[in-house]
$ cat protein.pdb   # PDB, C-alpha atoms and all ligand atoms
MODEL        1
ATOM      1  CA  MET A  10     -38.613-102.747 183.230  1.00  0.00           C
ATOM      2  CA  LYS A  11     -40.576 -99.651 184.128  1.00  0.00           C
ATOM      3  CA  ILE A  12     -44.316 -99.965 183.929  1.00  0.00           C
ATOM      4  CA  SER A  13     -46.295 -96.765 184.173  1.00  0.00           C
ATOM      5  CA  LYS A  14     -50.038 -96.532 183.963  1.00  0.00           C
ATOM      6  CA  GLU A  15     -51.362 -94.550 181.049  1.00  0.00           C
ATOM      7  CA  GLU A  16     -54.037 -92.066 181.952  1.00  0.00           C
ATOM      8  CA  CYS A  17     -57.304 -91.989 180.063  1.00  0.00           C
ATOM      9  CA  LEU A  18     -57.516 -88.507 178.585  1.00  0.00           C
ATOM     10  CA  ASN A  19     -61.250 -88.247 179.140  1.00  0.00           C
ATOM     11  CA  HIS A  20     -60.863 -89.075 182.818  1.00  0.00           C
ATOM     12  CA  VAL A  21     -58.082 -86.534 183.288  1.00  0.00           C
ATOM     13  CA  ALA A  22     -60.153 -83.842 181.559  1.00  0.00           C
ATOM     14  CA  LYS A  23     -63.121 -84.773 183.729  1.00  0.00           C
ATOM     15  CA  ARG A  24     -60.919 -84.221 186.766  1.00  0.00           C
ATOM     16  CA  LEU A  25     -60.538 -80.605 185.700  1.00  0.00           C
ATOM     17  CA  GLY A  26     -64.315 -80.187 185.546  1.00  0.00           C
ATOM     18  CA  THR A  27     -64.714 -81.713 188.995  1.00  0.00           C
ATOM     19  CA  GLY A  28     -61.918 -79.536 190.385  1.00  0.00           C
ATOM     20  CA  LEU A  29     -63.530 -76.377 188.996  1.00  0.00           C
ATOM     21  CA  ARG A  30     -66.965 -77.265 190.402  1.00  0.00           C
ATOM     22  CA  ASN A  31     -65.425 -78.012 193.789  1.00  0.00           C
ATOM     23  CA  LYS A  32     -63.652 -74.662 193.718  1.00  0.00           C
ATOM     24  CA  VAL A  33     -66.990 -72.904 193.163  1.00  0.00           C
ATOM     25  CA  LYS A  34     -68.434 -74.769 196.200  1.00  0.00           C
ATOM     26  CA  GLU A  35     -65.381 -74.134 198.342  1.00  0.00           C
ATOM     27  CA  CYS A  36     -65.500 -70.396 197.584  1.00  0.00           C
ATOM     28  CA  ARG A  37     -69.233 -70.289 198.264  1.00  0.00           C
ATOM     29  CA  SER A  38     -68.689 -71.858 201.692  1.00  0.00           C
ATOM     30  CA  LYS A  39     -66.338 -68.973 202.438  1.00  0.00           C
ATOM     31  CA  GLY A  40     -68.908 -66.468 201.232  1.00  0.00           C
ATOM     32  CA  VAL A  41     -67.160 -65.777 197.910  1.00  0.00           C
ATOM     33  CA  ILE A  42     -69.347 -66.193 194.835  1.00  0.00           C
ATOM     34  CA  ILE A  43     -67.397 -67.084 191.700  1.00  0.00           C
ATOM     35  CA  GLY A  44     -70.087 -69.153 189.991  1.00  0.00           C
ATOM     36  CA  GLY A  45     -72.864 -66.555 189.913  1.00  0.00           C
ATOM     37  CA  ARG A  46     -74.755 -65.042 187.038  1.00  0.00           C
ATOM     38  CA  ILE A  47     -72.519 -62.109 186.236  1.00  0.00           C
ATOM     39  CA  ASP A  48     -70.290 -62.138 183.163  1.00  0.00           C
ATOM     40  CA  GLY A  49     -66.981 -63.864 183.694  1.00  0.00           C
ATOM     41  CA  SER A  50     -68.205 -66.131 186.468  1.00  0.00           C
ATOM     42  CA  LEU A  51     -67.512 -69.850 186.605  1.00  0.00           C
ATOM     43  CA  LYS A  52     -70.883 -71.220 185.537  1.00  0.00           C
ATOM     44  CA  GLU A  53     -71.495 -74.690 184.163  1.00  0.00           C
ATOM     45  CA  SER A  54     -71.102 -73.720 180.501  1.00  0.00           C
ATOM     46  CA  PRO A  55     -67.606 -72.201 180.873  1.00  0.00           C
ATOM     47  CA  ILE A  56     -66.631 -75.217 183.001  1.00  0.00           C
ATOM     48  CA  LEU A  57     -67.606 -77.549 180.164  1.00  0.00           C
ATOM     49  CA  LYS A  58     -65.812 -75.339 177.640  1.00  0.00           C
ATOM     50  CA  LEU A  59     -62.637 -75.265 179.741  1.00  0.00           C
ATOM     51  CA  THR A  60     -62.760 -79.041 180.105  1.00  0.00           C
ATOM     52  CA  ASN A  61     -62.986 -79.414 176.331  1.00  0.00           C
ATOM     53  CA  PHE A  62     -60.178 -76.911 175.737  1.00  0.00           C
ATOM     54  CA  TYR A  63     -58.020 -78.871 178.173  1.00  0.00           C
ATOM     55  CA  ARG A  64     -58.735 -82.184 176.475  1.00  0.00           C
ATOM     56  CA  LYS A  65     -58.004 -80.691 173.059  1.00  0.00           C
ATOM     57  CA  ALA A  66     -54.799 -79.042 174.306  1.00  0.00           C
ATOM     58  CA  VAL A  67     -53.488 -82.439 175.397  1.00  0.00           C
ATOM     59  CA  LYS A  68     -54.755 -84.419 172.416  1.00  0.00           C
ATOM     60  CA  ASP A  69     -53.508 -82.002 169.752  1.00  0.00           C
ATOM     61  CA  ASN A  70     -50.010 -81.948 171.211  1.00  0.00           C
ATOM     62  CA  VAL A  71     -49.398 -85.629 171.893  1.00  0.00           C
ATOM     63  CA  PRO A  72     -46.687 -86.656 172.778  1.00  0.00           C
ATOM     64  CA  ASP A  73     -45.008 -83.293 173.531  1.00  0.00           C
ATOM     65  CA  VAL A  74     -45.623 -82.532 177.212  1.00  0.00           C
ATOM     66  CA  GLN A  75     -44.273 -78.947 177.032  1.00  0.00           C
ATOM     67  CA  LYS A  76     -46.549 -78.129 174.116  1.00  0.00           C
ATOM     68  CA  MET A  77     -49.507 -79.658 175.969  1.00  0.00           C
ATOM     69  CA  LYS A  78     -48.719 -77.448 178.923  1.00  0.00           C
ATOM     70  CA  THR A  79     -48.430 -74.268 176.853  1.00  0.00           C
ATOM     71  CA  ALA A  80     -51.709 -75.059 175.105  1.00  0.00           C
ATOM     72  CA  ILE A  81     -53.483 -75.731 178.427  1.00  0.00           C
ATOM     73  CA  PHE A  82     -52.394 -72.383 179.887  1.00  0.00           C
ATOM     74  CA  ALA A  83     -53.097 -70.648 176.574  1.00  0.00           C
ATOM     75  CA  SER A  84     -56.719 -71.815 176.801  1.00  0.00           C
ATOM     76  CA  LEU A  85     -56.989 -70.528 180.365  1.00  0.00           C
ATOM     77  CA  PHE A  86     -55.283 -67.162 179.818  1.00  0.00           C
ATOM     78  CA  HIS A  87     -56.992 -66.540 176.492  1.00  0.00           C
ATOM     79  CA  THR A  88     -60.344 -67.114 178.173  1.00  0.00           C
ATOM     80  CA  SER A  89     -59.517 -64.699 180.984  1.00  0.00           C
ATOM     81  CA  SER A  90     -58.199 -61.973 178.683  1.00  0.00           C
ATOM     82  CA  THR A  91     -59.831 -58.577 178.686  1.00  0.00           C
ATOM     83  CA  GLU A  92     -59.470 -55.460 176.584  1.00  0.00           C
ATOM     84  CA  LYS A  93     -57.522 -53.825 179.397  1.00  0.00           C
ATOM     85  CA  ALA A  94     -55.421 -56.873 180.200  1.00  0.00           C
ATOM     86  CA  PRO A  95     -55.002 -59.170 177.195  1.00  0.00           C
ATOM     87  CA  LYS A  96     -53.252 -62.426 178.072  1.00  0.00           C
ATOM     88  CA  GLN A  97     -52.800 -63.758 174.572  1.00  0.00           C
ATOM     89  CA  ASN A  98     -49.066 -64.355 174.498  1.00  0.00           C
ATOM     90  CA  LYS A  99     -49.300 -68.117 175.057  1.00  0.00           C
ATOM     91  CA  CYS A 100     -51.811 -68.519 172.225  1.00  0.00           C
ATOM     92  CA  PRO A 101     -50.592 -70.000 168.937  1.00  0.00           C
ATOM     93  CA  THR A 102     -49.432 -67.397 166.414  1.00  0.00           C
ATOM     94  CA  GLY A 103     -50.063 -67.258 162.680  1.00  0.00           C
ATOM     95  CA  VAL A 104     -52.877 -66.529 160.281  1.00  0.00           C
ATOM     96  CA  THR A 105     -55.013 -69.549 161.080  1.00  0.00           C
ATOM     97  CA  PRO A 106     -54.928 -70.276 164.812  1.00  0.00           C
ATOM     98  CA  TRP A 107     -58.101 -70.543 166.866  1.00  0.00           C
ATOM     99  CA  CYS A 108     -57.159 -67.323 168.695  1.00  0.00           C
ATOM    100  CA  PHE A 109     -58.839 -64.270 167.141  1.00  0.00           C
ATOM    101  CA  TYR A 110     -56.239 -61.988 168.686  1.00  0.00           C
ATOM    102  CA  GLN A 111     -53.155 -63.693 167.235  1.00  0.00           C
ATOM    103  CA  ARG A 112     -54.926 -64.192 163.931  1.00  0.00           C
ATOM    104  CA  ALA A 113     -55.594 -60.465 163.644  1.00  0.00           C
ATOM    105  CA  LEU A 114     -51.995 -59.624 164.543  1.00  0.00           C
ATOM    106  CA  ALA A 115     -50.690 -62.032 161.896  1.00  0.00           C
ATOM    107  CA  ASN A 116     -52.955 -60.350 159.325  1.00  0.00           C
ATOM    108  CA  ASN A 117     -51.844 -56.870 160.413  1.00  0.00           C
ATOM    109  CA  GLU A 118     -55.354 -56.113 161.557  1.00  0.00           C
ATOM    110  CA  LYS A 119     -56.674 -54.631 164.750  1.00  0.00           C
ATOM    111  CA  PRO A 120     -58.007 -57.466 166.957  1.00  0.00           C
ATOM    112  CA  LYS A 121     -61.729 -57.251 167.580  1.00  0.00           C
ATOM    113  CA  SER A 122     -62.920 -56.404 171.061  1.00  0.00           C
ATOM    114  CA  HIS A 123     -62.530 -58.957 173.827  1.00  0.00           C
ATOM    115  CA  SER A 124     -66.098 -58.287 174.825  1.00  0.00           C
ATOM    116  CA  SER A 125     -67.215 -60.408 171.857  1.00  0.00           C
ATOM    117  CA  MET A 126     -65.610 -63.525 173.342  1.00  0.00           C
ATOM    118  CA  LYS A 127     -68.161 -66.241 174.034  1.00  0.00           C
ATOM    119  CA  THR A 128     -66.337 -67.799 176.976  1.00  0.00           C
ATOM    120  CA  MET A 129     -64.715 -65.403 179.373  1.00  0.00           C
ATOM    121  CA  LEU A 130     -63.492 -65.578 182.932  1.00  0.00           C
ATOM    122  CA  SER A 131     -62.996 -62.738 185.377  1.00  0.00           C
ATOM    123  CA  GLU A 132     -59.676 -61.932 186.985  1.00  0.00           C
ATOM    124  CA  GLN A 133     -61.102 -63.154 190.285  1.00  0.00           C
ATOM    125  CA  VAL A 134     -61.983 -66.556 188.799  1.00  0.00           C
ATOM    126  CA  LEU A 135     -58.560 -66.892 187.198  1.00  0.00           C
ATOM    127  CA  GLU A 136     -56.923 -66.215 190.523  1.00  0.00           C
ATOM    128  CA  LYS A 137     -58.976 -68.938 192.232  1.00  0.00           C
ATOM    129  CA  ILE A 138     -58.507 -71.661 189.626  1.00  0.00           C
ATOM    130  CA  LEU A 139     -54.888 -71.149 188.602  1.00  0.00           C
ATOM    131  CA  SER A 140     -53.491 -73.528 191.214  1.00  0.00           C
ATOM    132  CA  GLY A 141     -55.871 -76.281 190.060  1.00  0.00           C
ATOM    133  CA  TYR A 142     -54.631 -75.795 186.515  1.00  0.00           C
ATOM    134  CA  GLN A 143     -51.048 -76.029 187.680  1.00  0.00           C
ATOM    135  CA  ARG A 144     -51.829 -79.386 189.291  1.00  0.00           C
ATOM    136  CA  LEU A 145     -53.451 -80.726 186.135  1.00  0.00           C
ATOM    137  CA  ALA A 146     -50.698 -79.436 183.879  1.00  0.00           C
ATOM    138  CA  ASN A 147     -47.798 -81.042 185.694  1.00  0.00           C
ATOM    139  CA  ASN A 148     -45.217 -82.945 183.686  1.00  0.00           C
ATOM    140  CA  GLU A 149     -45.755 -86.245 185.434  1.00  0.00           C
ATOM    141  CA  LEU A 150     -49.494 -86.359 184.788  1.00  0.00           C
ATOM    142  CA  LEU A 151     -49.213 -85.119 181.200  1.00  0.00           C
ATOM    143  CA  GLY A 152     -46.400 -87.610 180.633  1.00  0.00           C
ATOM    144  CA  ARG A 153     -48.945 -90.330 181.300  1.00  0.00           C
ATOM    145  CA  CYS A 154     -51.235 -88.953 178.582  1.00  0.00           C
ATOM    146  CA  VAL A 155     -48.648 -89.212 175.825  1.00  0.00           C
ATOM    147  CA  SER A 156     -50.686 -91.459 173.592  1.00  0.00           C
ATOM    148  CA  GLY A 157     -53.816 -89.347 173.966  1.00  0.00           C
ATOM    149  CA  LYS A 158     -55.870 -92.498 174.399  1.00  0.00           C
ATOM    150  CA  THR A 159     -59.201 -92.890 176.101  1.00  0.00           C
ATOM    151  CA  GLN A 160     -60.870 -95.889 177.705  1.00  0.00           C
ATOM    152  CA  ASN A 161     -63.991 -95.490 175.596  1.00  0.00           C
ATOM    153  CA  VAL A 162     -63.454 -98.683 173.634  1.00  0.00           C
ATOM    154  CA  ASN A 163     -62.765-100.636 176.782  1.00  0.00           C
ATOM    155  CA  GLU A 164     -65.831 -99.256 178.576  1.00  0.00           C
ATOM    156  CA  SER A 165     -67.941 -99.696 175.502  1.00  0.00           C
ATOM    157  CA  SER A 166     -66.951-103.368 175.234  1.00  0.00           C
ATOM    158  CA  HIS A 167     -67.871-103.860 178.895  1.00  0.00           C
ATOM    159  CA  SER A 168     -71.302-102.386 178.317  1.00  0.00           C
ATOM    160  CA  VAL A 169     -71.877-104.567 175.246  1.00  0.00           C
ATOM    161  CA  ILE A 170     -70.928-107.658 177.208  1.00  0.00           C
ATOM    162  CA  TRP A 171     -72.983-106.789 180.290  1.00  0.00           C
ATOM    163  CA  ASN A 172     -75.982-105.824 178.151  1.00  0.00           C
ATOM    164  CA  ASN A 173     -76.016-109.173 176.476  1.00  0.00           C
ATOM    165  CA  CYS A 174     -75.194-111.121 179.598  1.00  0.00           C
ATOM    166  CA  PRO A 175     -76.850-109.253 182.474  1.00  0.00           C
ATOM    167  CA  LYS A 176     -75.175-109.890 185.828  1.00  0.00           C
ATOM    168  CA  GLU A 177     -78.539-110.690 187.435  1.00  0.00           C
ATOM    169  CA  THR A 178     -79.384-113.482 185.028  1.00  0.00           C
ATOM    170  CA  PHE A 179     -77.617-116.814 184.832  1.00  0.00           C
ATOM    171  CA  VAL A 180     -76.048-117.343 181.419  1.00  0.00           C
ATOM    172  CA  SER A 181     -74.244-120.375 180.158  1.00  0.00           C
ATOM    173  CA  LYS A 182     -70.486-120.335 179.744  1.00  0.00           C
ATOM    174  CA  LYS A 183     -71.018-120.739 176.035  1.00  0.00           C
ATOM    175  CA  GLN A 184     -73.259-117.709 175.818  1.00  0.00           C
ATOM    176  CA  LEU A 185     -70.768-115.618 177.729  1.00  0.00           C
ATOM    177  CA  GLU A 186     -68.017-116.745 175.376  1.00  0.00           C
ATOM    178  CA  LEU A 187     -70.152-115.883 172.366  1.00  0.00           C
ATOM    179  CA  THR A 188     -70.865-112.418 173.664  1.00  0.00           C
ATOM    180  CA  VAL A 189     -67.223-111.694 174.432  1.00  0.00           C
ATOM    181  CA  ILE A 190     -66.083-113.050 171.082  1.00  0.00           C
ATOM    182  CA  SER A 191     -68.723-111.035 169.278  1.00  0.00           C
ATOM    183  CA  ALA A 192     -67.764-107.793 171.050  1.00  0.00           C
ATOM    184  CA  ILE A 193     -64.048-108.253 170.444  1.00  0.00           C
ATOM    185  CA  ASP A 194     -64.531-109.342 166.874  1.00  0.00           C
ATOM    186  CA  LYS A 195     -66.714-106.349 166.131  1.00  0.00           C
ATOM    187  CA  TRP A 196     -64.087-104.050 167.550  1.00  0.00           C
ATOM    188  CA  MET A 197     -61.201-105.731 165.695  1.00  0.00           C
ATOM    189  CA  LYS A 198     -63.003-105.557 162.380  1.00  0.00           C
ATOM    190  CA  THR A 199     -64.523-102.119 162.551  1.00  0.00           C
ATOM    191  CA  GLY A 200     -63.012-100.252 165.495  1.00  0.00           C
ATOM    192  CA  THR A 201     -66.499 -99.651 166.810  1.00  0.00           C
ATOM    193  CA  LEU A 202     -68.934-101.493 169.004  1.00  0.00           C
ATOM    194  CA  LYS A 203     -72.071 -99.673 167.960  1.00  0.00           C
ATOM    195  CA  ARG A 204     -73.696-102.808 166.607  1.00  0.00           C
ATOM    196  CA  GLY A 205     -72.948-106.263 167.901  1.00  0.00           C
ATOM    197  CA  ALA A 206     -72.258-109.024 165.417  1.00  0.00           C
ATOM    198  CA  SER A 207     -75.333-110.770 164.080  1.00  0.00           C
ATOM    199  CA  ARG A 208     -76.226-114.278 165.140  1.00  0.00           C
ATOM    200  CA  SER A 209     -74.892-115.795 161.931  1.00  0.00           C
ATOM    201  CA  GLU A 210     -71.663-113.802 162.236  1.00  0.00           C
ATOM    202  CA  ILE A 211     -71.224-115.083 165.770  1.00  0.00           C
ATOM    203  CA  GLN A 212     -71.839-118.644 164.674  1.00  0.00           C
ATOM    204  CA  THR A 213     -69.276-118.344 161.913  1.00  0.00           C
ATOM    205  CA  ILE A 214     -66.648-116.884 164.220  1.00  0.00           C
ATOM    206  CA  TYR A 215     -67.411-119.282 167.027  1.00  0.00           C
ATOM    207  CA  SER A 216     -67.422-122.345 164.770  1.00  0.00           C
ATOM    208  CA  ALA A 217     -64.208-121.313 163.061  1.00  0.00           C
ATOM    209  CA  ASP A 218     -62.544-120.700 166.395  1.00  0.00           C
ATOM    210  CA  THR A 219     -63.597-123.836 168.177  1.00  0.00           C
ATOM    211  CA  LYS A 220     -64.427-126.239 165.339  1.00  0.00           C
ATOM    212  CA  MET A 221     -67.714-126.834 167.078  1.00  0.00           C
ATOM    213  CA  THR A 222     -71.256-126.406 165.961  1.00  0.00           C
ATOM    214  CA  VAL A 223     -73.289-124.010 167.970  1.00  0.00           C
ATOM    215  CA  ASP A 224     -76.485-125.552 169.157  1.00  0.00           C
ATOM    216  CA  GLN A 225     -79.527-123.366 169.475  1.00  0.00           C
ATOM    217  CA  PRO A 226     -81.428-123.725 172.702  1.00  0.00           C
ATOM    218  CA  GLY A 227     -84.426-121.434 173.023  1.00  0.00           C
ATOM    219  CA  ASP A 228     -83.108-119.246 175.812  1.00  0.00           C
ATOM    220  CA  ASP A 229     -79.735-118.652 174.230  1.00  0.00           C
ATOM    221  CA  ASP A 230     -81.484-117.860 171.013  1.00  0.00           C
ATOM    222  CA  GLU A 231     -83.359-114.992 172.585  1.00  0.00           C
ATOM    223  CA  ASN A 232     -80.296-113.624 174.348  1.00  0.00           C
ATOM    224  CA  VAL A 233     -78.068-113.780 171.323  1.00  0.00           C
ATOM    225  CA  GLN A 234     -80.728-111.940 169.316  1.00  0.00           C
ATOM    226  CA  ARG A 235     -80.192-109.002 171.648  1.00  0.00           C
ATOM    227  CA  CYS A 236     -76.697-108.606 170.235  1.00  0.00           C
ATOM    228  CA  ARG A 237     -78.353-106.859 167.307  1.00  0.00           C
ATOM    229  CA  HIS A 238     -78.208-103.253 168.374  1.00  0.00           C
TER     230      HIS A 238
HETATM  231 ZN    ZN B 301     -55.670 -66.089 172.455  1.00  0.00          ZN
ENDMDL
END

$ encode --input "protein.pdb" --output "structure tokens" --more "lines below"
Ligand SMILES: [Zn+2]
Amino acid sequence: MKISKEECLNHVAKRLGTGLRNKVKECRSKGVIIGGRIDGSLKESPILKLTNFYRKAVKDNVPDVQKMKTAIFASLFHTSSTEKAPKQNKCPTGVTPWCFYQRALANNEKPKSHSSMKTMLSEQVLEKILSGYQRLANNELLGRCVSGKTQNVNESSHSVIWNNCPKETFVSKKQLELTVISAIDKWMKTGTLKRGASRSEIQTIYSADTKMTVDQPGDDDENVQRCRH
């Protein structure tokens, strides 16, 4: 049986952001400024935009790795298109895609000027970051993102549990069990962990599960109350 680890899409997308920021630093150390103030430079806002485009390109095309790849490069080339050198041929065609250029072509209209694009990258930036994109658009990595899942729920459940049972404070085994049960139950029932189960909900679940009555010592009482957020 082959077991392969699924990548968390948010973490993979974050890797792109980190890679782009590192590229800016690396270039700066060689005396090349690609993250400056001029138009088309790799500032923080285009980095965040590119990261979001990347995440969306993967998510919208799950589980088709080739489509993910095309969409990733479309987002990069679209963003580095200029009036003189449009690079819109990887963008989705038709009358309703996100790409203004392809949309205009499909409607038999003249595309508006590239200078109105909100996020744009210079040719120099494209040149510097292309290899990083190739690394993050490889089949093997994208193949591990085929369900488009994130670890948000998992991380969220950890934070709920650690909030209610801080690592620094001693909690009873029973309280720990209650907190874990409450977090899991909340997630199973609602798919969200925004609010922990109330004390009475916990008691019901716990009693039903263990056929035991929950006693109510003062300290536990106060800690369980904190589940209400
Ligand atoms: Zn485009």

$ residues_near_ligand --input "protein.pdb" --ligand "ligand ZN 301 (chain B)" --cutoff "9 Å" --atoms "all atoms listed in the file" --output "VMD selection string"
chain A and resid 83 to 84 86 to 88 90 95 to 102 106 to 112

$ residues_around --input "protein.pdb" --residues "Glu16 in chain A" --least-positions-apart "4" --cutoff "12 Å" --atoms "all atoms listed in the file" --output "ChimeraX atom specification"
/A:20-24,67,149-160

$ resolve_selection --input "protein.pdb" --expression "the PyMOL selection byres (((chain A and resi 126-128) around 8) and not hetatm)" --output "mmCIF file with C-alpha atoms, in the frame of the given file"
data_model
loop_
_atom_site.group_PDB
_atom_site.id
_atom_site.type_symbol
_atom_site.label_atom_id
_atom_site.label_comp_id
_atom_site.auth_asym_id
_atom_site.auth_seq_id
_atom_site.Cartn_x
_atom_site.Cartn_y
_atom_site.Cartn_z
ATOM 1 C CA GLY A 49 -66.981 -63.864 183.694
ATOM 2 C CA PRO A 55 -67.606 -72.201 180.873
ATOM 3 C CA LYS A 58 -65.812 -75.339 177.640
ATOM 4 C CA THR A 88 -60.344 -67.114 178.173
ATOM 5 C CA SER A 122 -62.920 -56.404 171.061
ATOM 6 C CA HIS A 123 -62.530 -58.957 173.827
ATOM 7 C CA SER A 124 -66.098 -58.287 174.825
ATOM 8 C CA SER A 125 -67.215 -60.408 171.857
ATOM 9 C CA MET A 129 -64.715 -65.403 179.373
ATOM 10 C CA LEU A 130 -63.492 -65.578 182.932
#

$ atom_distance --input "protein.pdb" --atom1 "CA of Leu145 in chain A" --atom2 "CA of Val33 in chain A"
17.1 Å

$ resolve_selection --input "protein.pdb" --expression "the PyMOL selection byres (((chain A and resi 44) around 10) and not hetatm)" --output "list in words"
Leu29, Arg30, Lys32, Val33, Lys34, Cys36, Arg37, Val41, Ile42, Ile43, Gly45, Arg46, Ile47, Asp48, Gly49, Ser50, Leu51, Lys52, Glu53, Pro55, Ile56 and Val134 of chain A

$ atom_distance --input "protein.pdb" --atom1 "CA of Phe82 in chain A" --atom2 "CA of Leu114 in chain A"
20.0 Å

$ residues_near_point --input "protein.pdb" --point "(-74.6, -112.8, 177.6)" --cutoff "6 Å" --atoms "all atoms listed in the file" --output "list in words"
Asn173, Cys174, Gln184, Leu185 and Thr188 of chain A

$ atom_distance --input "protein.pdb" --atom1 "CA of Glu132 in chain A" --atom2 "CA of Glu118 in chain A"
26.4 Å

$ axis_aligned_box --input "protein.pdb" --around "range 37-56 of chain A" --padding-each-side "6 Å" --output "lines of an AutoDock Vina configuration file"
center_x = -70.5
center_y = -68.7
center_z = 191.5
size_x = 20.4
size_y = 25.1
size_z = 33.9

$ decode --input "protein.pdb" --residues "range 62-73 of chain A" --atoms "C-alpha atoms" --output "compact mmCIF listing (two decimals), in the first residue's frame"
# COMPACT_ATOMS: atom_id res chain seq x y z
CA PHE A 62 -3.85 33.52 -7.08
CA TYR A 63 -1.70 30.43 -6.58
CA ARG A 64 -3.97 29.03 -3.89
CA LYS A 65 -7.05 29.67 -6.02
CA ALA A 66 -5.40 28.13 -9.10
CA VAL A 67 -4.86 24.90 -7.19
CA LYS A 68 -8.18 24.86 -5.36
CA ASP A 69 -10.34 25.62 -8.40
CA ASN A 70 -8.75 22.84 -10.43
CA VAL A 71 -8.68 20.00 -7.92
CA PRO A 72 -7.87 17.19 -8.72
CA ASP A 73 -6.49 17.95 -12.21
